[in-house]
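Encoded as structure tokens, the structure appears first; notes follow it.
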Amino acid sequence: MNQKNHMRKKLRSLNQIKEDQSFQILRNKLPKEWVIHSYGSDYGIDCVIELFDFTDQAKTIAETLGENIFVQLKSSTNIKYIKRKVFTRGNVAKGPLKENKDDFIEIEVAKFQLDISDILTVQSIGPAIPVLLVLVDVNTSKVFFINLNDYIDKVLIPDDPNYFNKKSKSIYIPLKNEIFNNENSLVPLRAYGKRSKMYGAFAQFNFQCSEIKRLLGKTNFYTPMTVQQTENMIRTFINIALRQDIWKSHDFWIPMKWSFDELNHLNNKLNNHGFKHQDYQEFLIYCDYVWNRLANLANIYEELVREWFLPTYLAQLTSYP
């Protein structure tokens, strides 16, 4: 027998072919200026989507937004499409799952079996770094997403606290979560891209809020400050808050606009008129109001925003136009 016949050439498995195909399908669903960075070997994260925006009208130059979405990219030629009942329930961040079986709606979902090792990897990353399961239907070239960080905390653990003892779990992705290359469809991805920035801003806002309460005597330790020192501190807080890169692309979440407008109003008032020393206490009370609202953004985010686009009753009411 010829020795050539014994020489092994490079081979591609069907899974590798599907993987390349799914990357290309996803690439076609995203804006051309966005970049997909492949992670190569599968260690739980397959790729990272880096968001860019054009800087000129002619759309010839794009700059990075400093926003990234981690992706577990899965593809299948045999996705199960089913209807699933979702029930009204209490806040699972405050206690065990309690569902009202008499009040439900049916939603269309794609069912996909995900290995527990993949789920545990995402859980170890935590909620501040967005990890999406992106499911590609190779037959139809449709692409669906679900935020795994939120799914684990809001759906999987409340429903099955001992999930880690299983080999895999079924993940249910609403068919409304389909990715198209148009701005309305990309709103969720843009929001997830800002998530780490949001968490950083929330930490800043809570610190600032506590310091304002300290001046009002609402904390255990009171630090006396002159009127001028207080004004300087508030100006510093405003500057730090306004330069957080979180205020754009949030037209769909009205509390962000409220807080942004209040910060600008306070900034303009200080720059144009300052405040009279006899109004010092009233000024602090107003600042306390503004920063309470800023600090409360984190609470709203945890309770409502992290449930957006999940297969839950609340998500169906709040996530879509």
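Lettering and numbering for the structure tokens are positional, with chains as A, B, ... in the shown order, residues counted from 1 in each chain, and ligands counted from 1 in the shown order.
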Please provide as a list in words all residues within 12 Å of Leu51 (chain A), with the sequence filter that same-chain residues fewer than 3 positions apart are discarded (counting only C-alpha atoms).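 In the requested format, the answer is Leu30, Pro31, Lys32, Glu33, Trp34, Val35, Ile36, His37, Val48, Phe54, Ala62, Glu63, Thr64, Leu65, Gly66, Glu67, Asn68, Ile69, Phe70, Leu186, Leu189, Arg190, Ala191, Tyr192, Gly193 and Lys194 of chain A.
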Write the residues of the preceding selection, restricted to N, CA and C atoms, as a PDB file, in the first residue's frame.
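Just written: part_11.pdb:
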ATOM      1  N   LEU A  30     -25.506  41.459  12.709  1.00  0.00           N
ATOM      2  CA  LEU A  30     -25.005  42.583  13.504  1.00  0.00           C
ATOM      3  C   LEU A  30     -24.548  43.717  12.600  1.00  0.00           C
ATOM      4  N   PRO A  31     -24.504  44.946  13.113  1.00  0.00           N
ATOM      5  CA  PRO A  31     -23.996  46.065  12.319  1.00  0.00           C
ATOM      6  C   PRO A  31     -22.573  45.794  11.839  1.00  0.00           C
ATOM      7  N   LYS A  32     -22.263  46.260  10.658  1.00  0.00           N
ATOM      8  CA  LYS A  32     -20.950  45.972  10.068  1.00  0.00           C
ATOM      9  C   LYS A  32     -19.814  46.577  10.882  1.00  0.00           C
ATOM     10  N   GLU A  33     -20.113  47.652  11.649  1.00  0.00           N
ATOM     11  CA  GLU A  33     -19.053  48.307  12.418  1.00  0.00           C
ATOM     12  C   GLU A  33     -18.754  47.587  13.733  1.00  0.00           C
ATOM     13  N   TRP A  34     -19.627  46.691  14.167  1.00  0.00           N
ATOM     14  CA  TRP A  34     -19.357  45.916  15.371  1.00  0.00           C
ATOM     15  C   TRP A  34     -18.344  44.817  15.051  1.00  0.00           C
ATOM     16  N   VAL A  35     -17.563  44.435  16.048  1.00  0.00           N
ATOM     17  CA  VAL A  35     -16.499  43.446  15.848  1.00  0.00           C
ATOM     18  C   VAL A  35     -16.778  42.219  16.716  1.00  0.00           C
ATOM     19  N   ILE A  36     -16.597  41.035  16.137  1.00  0.00           N
ATOM     20  CA  ILE A  36     -16.703  39.792  16.900  1.00  0.00           C
ATOM     21  C   ILE A  36     -15.300  39.239  17.115  1.00  0.00           C
ATOM     22  N   HIS A  37     -14.897  39.149  18.360  1.00  0.00           N
ATOM     23  CA  HIS A  37     -13.592  38.578  18.711  1.00  0.00           C
ATOM     24  C   HIS A  37     -13.803  37.123  19.121  1.00  0.00           C
ATOM     25  N   VAL A  48     -16.617  37.439  21.860  1.00  0.00           N
ATOM     26  CA  VAL A  48     -17.010  38.707  22.474  1.00  0.00           C
ATOM     27  C   VAL A  48     -17.414  39.668  21.362  1.00  0.00           C
ATOM     28  N   PHE A  54     -20.324  54.734  14.350  1.00  0.00           N
ATOM     29  CA  PHE A  54     -19.686  55.619  13.381  1.00  0.00           C
ATOM     30  C   PHE A  54     -19.572  57.030  13.953  1.00  0.00           C
ATOM     31  N   ALA A  62     -15.400  54.388  12.449  1.00  0.00           N
ATOM     32  CA  ALA A  62     -16.136  53.974  13.643  1.00  0.00           C
ATOM     33  C   ALA A  62     -15.181  53.899  14.822  1.00  0.00           C
ATOM     34  N   GLU A  63     -15.686  54.268  16.001  1.00  0.00           N
ATOM     35  CA  GLU A  63     -14.858  54.187  17.209  1.00  0.00           C
ATOM     36  C   GLU A  63     -15.510  53.236  18.213  1.00  0.00           C
ATOM     37  N   THR A  64     -14.672  52.595  18.995  1.00  0.00           N
ATOM     38  CA  THR A  64     -15.184  51.667  19.995  1.00  0.00           C
ATOM     39  C   THR A  64     -15.914  52.426  21.091  1.00  0.00           C
ATOM     40  N   LEU A  65     -16.961  51.828  21.621  1.00  0.00           N
ATOM     41  CA  LEU A  65     -17.716  52.411  22.721  1.00  0.00           C
ATOM     42  C   LEU A  65     -17.191  51.931  24.075  1.00  0.00           C
ATOM     43  N   GLY A  66     -16.215  51.029  24.036  1.00  0.00           N
ATOM     44  CA  GLY A  66     -15.738  50.452  25.291  1.00  0.00           C
ATOM     45  C   GLY A  66     -16.781  49.538  25.914  1.00  0.00           C
ATOM     46  N   GLU A  67     -17.612  48.941  25.059  1.00  0.00           N
ATOM     47  CA  GLU A  67     -18.708  48.093  25.526  1.00  0.00           C
ATOM     48  C   GLU A  67     -18.603  46.727  24.868  1.00  0.00           C
ATOM     49  N   ASN A  68     -18.701  45.688  25.687  1.00  0.00           N
ATOM     50  CA  ASN A  68     -18.509  44.325  25.197  1.00  0.00           C
ATOM     51  C   ASN A  68     -19.596  43.395  25.725  1.00  0.00           C
ATOM     52  N   ILE A  69     -19.971  42.444  24.887  1.00  0.00           N
ATOM     53  CA  ILE A  69     -20.939  41.421  25.277  1.00  0.00           C
ATOM     54  C   ILE A  69     -20.282  40.059  25.080  1.00  0.00           C
ATOM     55  N   PHE A  70     -20.209  39.278  26.135  1.00  0.00           N
ATOM     56  CA  PHE A  70     -19.657  37.928  26.039  1.00  0.00           C
ATOM     57  C   PHE A  70     -20.746  36.990  25.540  1.00  0.00           C
ATOM     58  N   LEU A 186     -31.651  45.935  17.984  1.00  0.00           N
ATOM     59  CA  LEU A 186     -30.343  46.017  18.642  1.00  0.00           C
ATOM     60  C   LEU A 186     -30.397  46.714  19.996  1.00  0.00           C
ATOM     61  N   LEU A 189     -29.170  44.568  22.902  1.00  0.00           N
ATOM     62  CA  LEU A 189     -27.721  44.334  22.867  1.00  0.00           C
ATOM     63  C   LEU A 189     -26.972  45.578  23.316  1.00  0.00           C
ATOM     64  N   ARG A 190     -27.439  46.750  22.898  1.00  0.00           N
ATOM     65  CA  ARG A 190     -26.796  47.992  23.343  1.00  0.00           C
ATOM     66  C   ARG A 190     -26.929  48.153  24.859  1.00  0.00           C
ATOM     67  N   ALA A 191     -28.084  47.785  25.392  1.00  0.00           N
ATOM     68  CA  ALA A 191     -28.283  47.881  26.839  1.00  0.00           C
ATOM     69  C   ALA A 191     -27.353  46.927  27.587  1.00  0.00           C
ATOM     70  N   TYR A 192     -27.210  45.701  27.089  1.00  0.00           N
ATOM     71  CA  TYR A 192     -26.297  44.751  27.732  1.00  0.00           C
ATOM     72  C   TYR A 192     -24.850  45.236  27.626  1.00  0.00           C
ATOM     73  N   GLY A 193     -24.509  45.886  26.516  1.00  0.00           N
ATOM     74  CA  GLY A 193     -23.155  46.399  26.362  1.00  0.00           C
ATOM     75  C   GLY A 193     -22.792  47.415  27.426  1.00  0.00           C
ATOM     76  N   LYS A 194     -23.791  48.156  27.904  1.00  0.00           N
ATOM     77  CA  LYS A 194     -23.543  49.182  28.924  1.00  0.00           C
ATOM     78  C   LYS A 194     -23.572  48.638  30.344  1.00  0.00           C
TER      79      LYS A 194
END
Write out as a PDB file with N, CA and C atoms, in the first residue's frame the residues lying within 8 Å of Leu97 (chain A), counting only C-alpha atoms and excluding same-chain residues fewer than 3 positions away.
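This is the output file out.pdb:
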ATOM      1  N   ARG A  89     -45.821  35.961  39.538  1.00  0.00           N
ATOM      2  CA  ARG A  89     -45.065  35.451  40.682  1.00  0.00           C
ATOM      3  C   ARG A  89     -44.560  36.607  41.534  1.00  0.00           C
ATOM      4  N   GLY A  90     -44.117  36.271  42.734  1.00  0.00           N
ATOM      5  CA  GLY A  90     -43.513  37.273  43.596  1.00  0.00           C
ATOM      6  C   GLY A  90     -42.082  37.555  43.159  1.00  0.00           C
ATOM      7  N   ASN A  91     -41.464  38.540  43.781  1.00  0.00           N
ATOM      8  CA  ASN A  91     -40.090  38.930  43.469  1.00  0.00           C
ATOM      9  C   ASN A  91     -39.130  37.857  43.981  1.00  0.00           C
ATOM     10  N   VAL A  92     -38.483  37.150  43.069  1.00  0.00           N
ATOM     11  CA  VAL A  92     -37.612  36.037  43.463  1.00  0.00           C
ATOM     12  C   VAL A  92     -36.309  36.530  44.096  1.00  0.00           C
ATOM     13  N   PRO A 158     -34.446  30.016  41.041  1.00  0.00           N
ATOM     14  CA  PRO A 158     -35.742  29.959  41.739  1.00  0.00           C
ATOM     15  C   PRO A 158     -36.541  28.706  41.401  1.00  0.00           C
ATOM     16  N   ASP A 159     -36.464  28.261  40.150  1.00  0.00           N
ATOM     17  CA  ASP A 159     -37.233  27.094  39.722  1.00  0.00           C
ATOM     18  C   ASP A 159     -36.594  25.783  40.161  1.00  0.00           C
TER      19      ASP A 159
END
The residue from A:Gln208, A:Tyr320, A:Ile285, A:Asp103 with the smallest atom-to-atom distance to Asn184 (chain A), counting only C-alpha atoms, is A:Tyr320
Would you list the contacts of Lys176 (chain A) as number ranges by chain, taking every protein, DNA or RNA residue within 9 Å and counting only C-alpha atoms, but skipping same-chain residues closer than 4 positions in sequence? A: 108-109, 144, 309, 320
Near Thr236 (chain A), within 12 Å and counting only C-alpha atoms, which residues show up once chain neighbours fewer than 6 positions away are dropped, as a list of chain:residue names? A:Gln204, A:Gln208, A:Gln229, A:Thr230, A:Leu242, A:Arg243, A:Leu263, A:Asn267, A:Leu270
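In terms of minimum interatomic distance to Ile254 (chain A), A:Val305 ranks closest within A:Phe237, A:Leu317, A:Val305, A:Asn162, counting only C-alpha atoms.
Proximity of A:Phe52, A:Tyr222, A:Phe202, A:Phe23 to Val134 (chain A), computed with only C-alpha atoms, is greatest for A:Phe23.
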What are the DSSP alpha helix (DSSP H) residues of region 12-100 of chain A, as a VMD selection string? chain A and resid 14 to 29
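The residue set within 7 Å of region 73-77 of chain A, counting only C-alpha atoms and dropping same-chain residues fewer than 3 places from it, reads Lys18, Glu19, Ser22, Asp46, Leu133, Val134, Leu135, Val136, Asp137, Val138 and Asn139 of chain A.
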Restricting the output to N, CA, C and O atoms, write the selected residues as an mmCIF file, in the first residue's frame.
data_model
loop_
_atom_site.group_PDB
_atom_site.id
_atom_site.type_symbol
_atom_site.label_atom_id
_atom_site.label_comp_id
_atom_site.auth_asym_id
_atom_site.auth_seq_id
_atom_site.Cartn_x
_atom_site.Cartn_y
_atom_site.Cartn_z
ATOM 1 N N LYS A 18 -20.470 23.558 11.514
ATOM 2 C CA LYS A 18 -21.641 24.262 12.057
ATOM 3 C C LYS A 18 -21.220 25.509 12.836
ATOM 4 O O LYS A 18 -21.874 26.551 12.777
ATOM 5 N N GLU A 19 -20.117 25.380 13.574
ATOM 6 C CA GLU A 19 -19.629 26.511 14.366
ATOM 7 C C GLU A 19 -19.247 27.678 13.458
ATOM 8 O O GLU A 19 -19.625 28.819 13.708
ATOM 9 N N SER A 22 -22.405 29.201 12.078
ATOM 10 C CA SER A 22 -23.147 30.005 13.054
ATOM 11 C C SER A 22 -22.474 31.355 13.285
ATOM 12 O O SER A 22 -23.155 32.374 13.461
ATOM 13 N N ASP A 46 -17.455 31.718 23.833
ATOM 14 C CA ASP A 46 -17.025 31.469 22.460
ATOM 15 C C ASP A 46 -16.504 32.713 21.761
ATOM 16 O O ASP A 46 -15.595 32.646 20.942
ATOM 17 N N LEU A 133 -26.475 33.767 25.824
ATOM 18 C CA LEU A 133 -26.566 32.557 25.024
ATOM 19 C C LEU A 133 -27.176 32.981 23.700
ATOM 20 O O LEU A 133 -28.304 33.499 23.660
ATOM 21 N N VAL A 134 -26.423 32.828 22.627
ATOM 22 C CA VAL A 134 -26.912 33.155 21.291
ATOM 23 C C VAL A 134 -27.120 31.842 20.551
ATOM 24 O O VAL A 134 -26.185 31.070 20.342
ATOM 25 N N LEU A 135 -28.376 31.592 20.194
ATOM 26 C CA LEU A 135 -28.754 30.325 19.571
ATOM 27 C C LEU A 135 -29.068 30.554 18.096
ATOM 28 O O LEU A 135 -29.931 31.364 17.748
ATOM 29 N N VAL A 136 -28.357 29.839 17.240
ATOM 30 C CA VAL A 136 -28.522 29.962 15.796
ATOM 31 C C VAL A 136 -29.251 28.736 15.260
ATOM 32 O O VAL A 136 -28.821 27.601 15.475
ATOM 33 N N ASP A 137 -30.358 28.984 14.569
ATOM 34 C CA ASP A 137 -31.055 27.923 13.867
ATOM 35 C C ASP A 137 -30.425 27.831 12.469
ATOM 36 O O ASP A 137 -30.654 28.691 11.619
ATOM 37 N N VAL A 138 -29.632 26.817 12.276
ATOM 38 C CA VAL A 138 -28.888 26.676 11.019
ATOM 39 C C VAL A 138 -29.832 26.511 9.833
ATOM 40 O O VAL A 138 -29.539 26.950 8.714
ATOM 41 N N ASN A 139 -30.993 25.903 10.066
ATOM 42 C CA ASN A 139 -31.940 25.667 8.977
ATOM 43 C C ASN A 139 -32.561 26.961 8.448
ATOM 44 O O ASN A 139 -32.787 27.097 7.237
#
Quick check for you: according to DSSP on this backbone, which residues of region 74-315 of chain A are classed as strand (DSSP E or B)? Reply as a PyMOL selection string. chain A and resi 74-76+80-89+99-115+131-137+142-147+168-174+178
Out of A:Val187, A:Val155, A:Cys287, A:Leu114, which residue has the shortest atom-to-atom distance to Ser210 (chain A) when counting only C-alpha atoms? A:Cys287
Hey, what's within 7 Å of Pro311 (chain A) if we count only C-alpha atoms and toss same-chain stuff fewer than 4 positions away? As a list of chain:residue names, please?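 In the requested form, the answer reads A:Tyr172, A:Ile173, A:Pro174, A:Ala315.
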